[in-house]
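Peer 1: Can you keep this structure in mind? I'll have questions shortly.
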2 protein chains.
Amino acid sequence: MSVRPQTLSIIGFGAFGQLIARHLRPHLALSVCDPRVRSNDLPQVDPTQAARADVVVLAVPLPQLEGVLHAIAPHLRPGATVIDVASVKLHPARLMLQILPDHVEIIASHPLFGPASAAGGLAGHRIAWCPLRGKGHRRLAAFLRGQGLEVIETTPDQHDRDMAVVQGLTHLIARSLTRLGPLPQLMATRSFQKLVEAAALVQDDSPELLATILRANPHAAPVRARFLAEAAGLAAGN
Amino acid sequence: MSVRPQTLSIIGFGAFGQLIARHLRPHLALSVCDPRVRSNDLPQVDPTQAARADVVVLAVPLPQLEGVLHAIAPHLRPGATVIDVASVKLHPARLMLQILPDHVEIIASHPLFGPASAAGGLAGHRIAWCPLRGKGHRRLAAFLRGQGLEVIETTPDQHDRDMAVVQGLTHLIARSLTRLGPLPQLMATRSFQKLVEAAALVQDDSPELLATILRANPHAAPVRARFLAEAAGLAAGN
């Protein structure tokens, strides 16, 4: 990457890719790569072309990541930066380090917001930031901070440990509540109302995202088991 | 009860009894009965004297209710009103109807707020209201509405069904989260933050209240079992 990135491609133009595009388009020349979603006003490119950008953002569902990495790897330019935005970090970090050529920089990131919570803008929201290779991450982090984001530097393992609680339990609880059917509204207490609001915020997340959070994070299952064991103990009066 | 109640006694002067006293003392002549807690400025009476008030509010932990009912029953005056404030309603309703003499009116109630959530006043808060015997409940409900409370008339069974979800699950989830130990703060999402806030609101409730909510409500166990089964299913990818 030269003095500053000029071009950025987004591979995977789902809800999150579109959110990124809305916020980045005033700053960079954007292109979009997604065979299933068309953009009305951004250049559509194939993976080979997308790989030639200064910054390549991977916003595909996690199960597609490995295939995309193989598709772009031969076409990435020396000094380019590849960033993923998946909700877990150990698994994509391992894939990117294994598959991408040595001449690109790599950042594993996780924006801690979504289309629902960031509807009013990025300011005050947070992004987990794991620089894996190269030094360009500093300049990009500074750019994101300039957009009002709080950039939290961490490691893939620490990220996944934290998220096993933060997202793993929130999604587990929220979806389980939703599956119980219509919830009592008239008799809600303030604390229950907060649970209902938490559930509403993650209710529309995709099944792929739910699967990623619940099962692609190696720390999720043990944290969940501890939570469910505590709940069973409380129910039994322990 | 004559035109309007003149005297009110509160039996059980714990956190909730004290909250009631703060809000009712401008309106009625109050007395307090609790061998374990002294009031600095309200008359302390024994159960026999407490039973002679126009309105007797029972704010003791549920396991003590049966004993208190037997102690006051012979001393209640014709036309007096007895109100309990426990967090479940089927069990206390049954006890009150069995033990109290026919010449008193009975209301089972559940204020849907506590010392933490009502720190700023009663206005806008809700109380579940189950008239069990007599007609004085209308005048008392009107008085409570005048204090800004929303009075929700319901039956003990419907109350317990609703609360098995509203309080049963909130307390189960909140306490289980708390038992996991320190929670990640830096990486919190908005939805997780709401869970943490819900947990904080019920964190200081007494062990007796927790036991009442989780185990004295006959609908709590089946609702909890459904919730935990949904959670286990989600964890397994169903």
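Going by the structure tokens order, chains are called A, B, ..., each with residues numbered from 1, while ligands are numbered from 1 in the order shown.
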Which residues of chain A are close to chain B, meaning at most 6 Å apart when you count only C-alpha atoms, and how do they look as a PyMOL selection string?
Peer 2: chain A and resi 112+162+166+170+176+184+189+191-192+194-195+198+227+230-231
Peer 1: What would the file look like if the residues just selected were written as a compact mmCIF listing (two decimals), in the first residue's frame with N, CA and C atoms?
Peer 2:
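Once written, part_12.txt looks like this:
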```txt
# COMPACT_ATOMS: atom_id res chain seq x y z
N LEU A 112 -18.17 -4.37 16.13
CA LEU A 112 -19.12 -4.78 17.19
C LEU A 112 -20.44 -4.03 17.06
N ASP A 162 -13.71 -13.43 24.81
CA ASP A 162 -14.66 -12.39 25.21
C ASP A 162 -16.02 -12.59 24.51
N VAL A 166 -19.98 -12.46 25.38
CA VAL A 166 -20.73 -11.28 24.91
C VAL A 166 -21.75 -11.66 23.84
N THR A 170 -25.52 -13.83 24.63
CA THR A 170 -26.61 -12.92 24.22
C THR A 170 -27.48 -13.57 23.15
N SER A 176 -33.50 -18.09 22.36
CA SER A 176 -34.31 -19.01 23.17
C SER A 176 -35.58 -18.32 23.65
N PRO A 184 -45.11 -12.01 27.59
CA PRO A 184 -46.02 -11.11 28.31
C PRO A 184 -45.52 -9.67 28.21
N THR A 189 -41.47 -6.23 33.79
CA THR A 189 -40.69 -5.41 34.72
C THR A 189 -39.60 -4.69 33.93
N SER A 191 -36.40 -4.93 34.29
CA SER A 191 -35.31 -5.83 33.93
C SER A 191 -35.73 -6.75 32.78
N PHE A 192 -36.97 -7.25 32.81
CA PHE A 192 -37.44 -8.08 31.71
C PHE A 192 -37.49 -7.28 30.41
N LYS A 194 -35.55 -4.99 29.48
CA LYS A 194 -34.19 -4.92 28.93
C LYS A 194 -33.81 -6.22 28.22
N LEU A 195 -34.25 -7.34 28.77
CA LEU A 195 -34.02 -8.62 28.08
C LEU A 195 -34.70 -8.62 26.71
N ALA A 198 -32.82 -6.51 24.31
CA ALA A 198 -31.61 -7.22 23.87
C ALA A 198 -31.97 -8.22 22.78
N PHE A 227 -22.81 -21.62 31.66
CA PHE A 227 -24.02 -20.84 31.87
C PHE A 227 -25.23 -21.76 32.11
N GLU A 230 -25.04 -23.35 35.52
CA GLU A 230 -25.44 -22.41 36.58
C GLU A 230 -26.96 -22.30 36.62
N ALA A 231 -27.58 -22.20 35.45
CA ALA A 231 -29.04 -22.07 35.40
C ALA A 231 -29.72 -23.31 35.98
```
Peer 1: Could you tell me, as a ChimeraX atom specification, which residues of chain B DSSP assigns to helix (DSSP H, G or I) when given the backbone?
Peer 2: /B:15-24,47-50,62-75,90-99,137-146,156-179,190-202,207-215,220-235
Peer 1: For the selection you just gave me, I'd like the residues written to a file as a tab-separated table (two decimals), in the first residue's frame, keeping C-alpha atoms.
Peer 2:
```tsv
chain	number	residue	atom	x	y	z
B	15	ALA	CA	-36.62	-3.38	51.89
B	16	PHE	CA	-40.07	-3.52	50.34
B	17	GLY	CA	-42.02	-2.71	53.50
B	18	GLN	CA	-39.83	0.35	53.94
B	19	LEU	CA	-40.46	1.41	50.35
B	20	ILE	CA	-44.23	1.20	50.91
B	21	ALA	CA	-43.97	3.15	54.15
B	22	ARG	CA	-42.07	6.00	52.47
B	23	HIS	CA	-44.81	6.46	49.90
B	24	LEU	CA	-47.90	5.90	52.09
B	47	PRO	CA	-49.06	-8.73	65.30
B	48	THR	CA	-52.17	-8.48	67.48
B	49	GLN	CA	-52.15	-4.69	67.28
B	50	ALA	CA	-51.16	-4.70	63.58
B	62	LEU	CA	-43.24	-16.01	51.60
B	63	PRO	CA	-42.13	-18.81	53.96
B	64	GLN	CA	-43.35	-16.69	56.92
B	65	LEU	CA	-46.74	-15.85	55.44
B	66	GLU	CA	-48.71	-18.81	56.78
B	67	GLY	CA	-47.53	-18.20	60.34
B	68	VAL	CA	-48.35	-14.49	60.14
B	69	LEU	CA	-51.85	-15.23	58.80
B	70	HIS	CA	-52.58	-17.53	61.73
B	71	ALA	CA	-51.25	-14.90	64.15
B	72	ILE	CA	-53.40	-12.05	62.84
B	73	ALA	CA	-56.58	-13.94	61.85
B	74	PRO	CA	-58.30	-13.85	65.30
B	75	HIS	CA	-57.66	-10.10	65.66
B	90	LEU	CA	-51.44	-18.57	43.60
B	91	HIS	CA	-49.79	-19.76	46.80
B	92	PRO	CA	-50.51	-16.69	49.01
B	93	ALA	CA	-54.05	-16.35	47.56
B	94	ARG	CA	-54.81	-19.91	48.62
B	95	LEU	CA	-53.38	-19.34	52.13
B	96	MET	CA	-55.26	-16.07	52.65
B	97	LEU	CA	-58.60	-17.53	51.51
B	98	GLN	CA	-58.12	-20.56	53.77
B	99	ILE	CA	-56.86	-18.88	56.91
B	137	HIS	CA	-60.38	-3.10	46.21
B	138	ARG	CA	-61.90	-0.54	43.82
B	139	ARG	CA	-61.34	2.34	46.21
B	140	LEU	CA	-57.81	1.18	47.01
B	141	ALA	CA	-56.97	0.75	43.32
B	142	ALA	CA	-58.22	4.29	42.66
B	143	PHE	CA	-55.99	5.56	45.47
B	144	LEU	CA	-52.95	3.78	43.98
B	145	ARG	CA	-53.75	5.17	40.52
B	146	GLY	CA	-53.81	8.58	42.14
B	156	PRO	CA	-53.49	-15.33	40.58
B	157	ASP	CA	-53.14	-18.03	37.92
B	158	GLN	CA	-52.65	-15.62	35.01
B	159	HIS	CA	-50.21	-13.60	37.12
B	160	ASP	CA	-48.12	-16.66	37.88
B	161	ARG	CA	-48.16	-17.73	34.24
B	162	ASP	CA	-46.92	-14.30	33.12
B	163	MET	CA	-44.36	-14.04	35.91
B	164	ALA	CA	-42.93	-17.48	35.18
B	165	VAL	CA	-41.59	-15.83	32.04
B	166	VAL	CA	-41.12	-12.21	33.15
B	167	GLN	CA	-39.44	-12.80	36.50
B	168	GLY	CA	-38.64	-16.51	36.37
B	169	LEU	CA	-36.48	-16.22	33.26
B	170	THR	CA	-35.05	-12.77	34.04
B	171	HIS	CA	-33.80	-13.88	37.43
B	172	LEU	CA	-32.56	-17.22	36.11
B	173	ILE	CA	-30.60	-15.53	33.33
B	174	ALA	CA	-29.36	-12.64	35.46
B	175	ARG	CA	-28.09	-14.79	38.30
B	176	SER	CA	-26.50	-17.31	35.97
B	177	LEU	CA	-24.63	-14.49	34.21
B	178	THR	CA	-23.48	-13.05	37.53
B	179	ARG	CA	-22.23	-16.46	38.67
B	190	ARG	CA	-25.37	-2.94	22.76
B	191	SER	CA	-27.46	-6.08	23.17
B	192	PHE	CA	-25.03	-7.58	25.71
B	193	GLN	CA	-25.00	-4.27	27.58
B	194	LYS	CA	-28.78	-4.55	27.98
B	195	LEU	CA	-28.38	-8.05	29.43
B	196	VAL	CA	-25.81	-6.72	31.91
B	197	GLU	CA	-28.18	-3.88	32.88
B	198	ALA	CA	-31.03	-6.37	33.38
B	199	ALA	CA	-28.76	-8.45	35.63
B	200	ALA	CA	-27.71	-5.39	37.64
B	201	LEU	CA	-31.36	-4.48	38.36
B	202	VAL	CA	-32.13	-7.78	40.07
B	207	PRO	CA	-32.21	-15.03	48.38
B	208	GLU	CA	-35.80	-15.40	49.69
B	209	LEU	CA	-37.16	-13.42	46.73
B	210	LEU	CA	-35.09	-15.49	44.31
B	211	ALA	CA	-36.41	-18.73	45.85
B	212	THR	CA	-39.98	-17.41	45.66
B	213	ILE	CA	-39.67	-16.45	42.00
B	214	LEU	CA	-37.87	-19.61	40.91
B	215	ARG	CA	-39.63	-22.22	43.02
B	220	ALA	CA	-41.91	-21.45	36.69
B	221	ALA	CA	-40.42	-24.93	36.34
B	222	PRO	CA	-42.14	-25.83	33.04
B	223	VAL	CA	-41.33	-22.40	31.49
B	224	ARG	CA	-37.71	-22.73	32.60
B	225	ALA	CA	-37.53	-26.26	31.18
B	226	ARG	CA	-38.80	-25.00	27.81
B	227	PHE	CA	-36.27	-22.14	27.82
B	228	LEU	CA	-33.36	-24.44	28.69
B	229	ALA	CA	-34.49	-26.98	26.07
B	230	GLU	CA	-34.57	-24.23	23.41
B	231	ALA	CA	-31.09	-23.15	24.47
B	232	ALA	CA	-29.76	-26.71	24.30
B	233	GLY	CA	-31.35	-27.11	20.86
B	234	LEU	CA	-29.77	-23.91	19.57
B	235	ALA	CA	-26.40	-24.98	20.94
```
Peer 1: Using CA of Ala51 in chain B and CA of Gly79 in chain B as the two end points, give the distance in Å to one decimal.
Peer 2: 12.0 Å
Peer 1: Enumerate the residues of range 23-106 of chain A with a DSSP assignment of strand (DSSP E or B), computed from the backbone, and present them as number ranges by chain.
Peer 2: A: 29-33, 44, 55-58, 81-84, 105-106
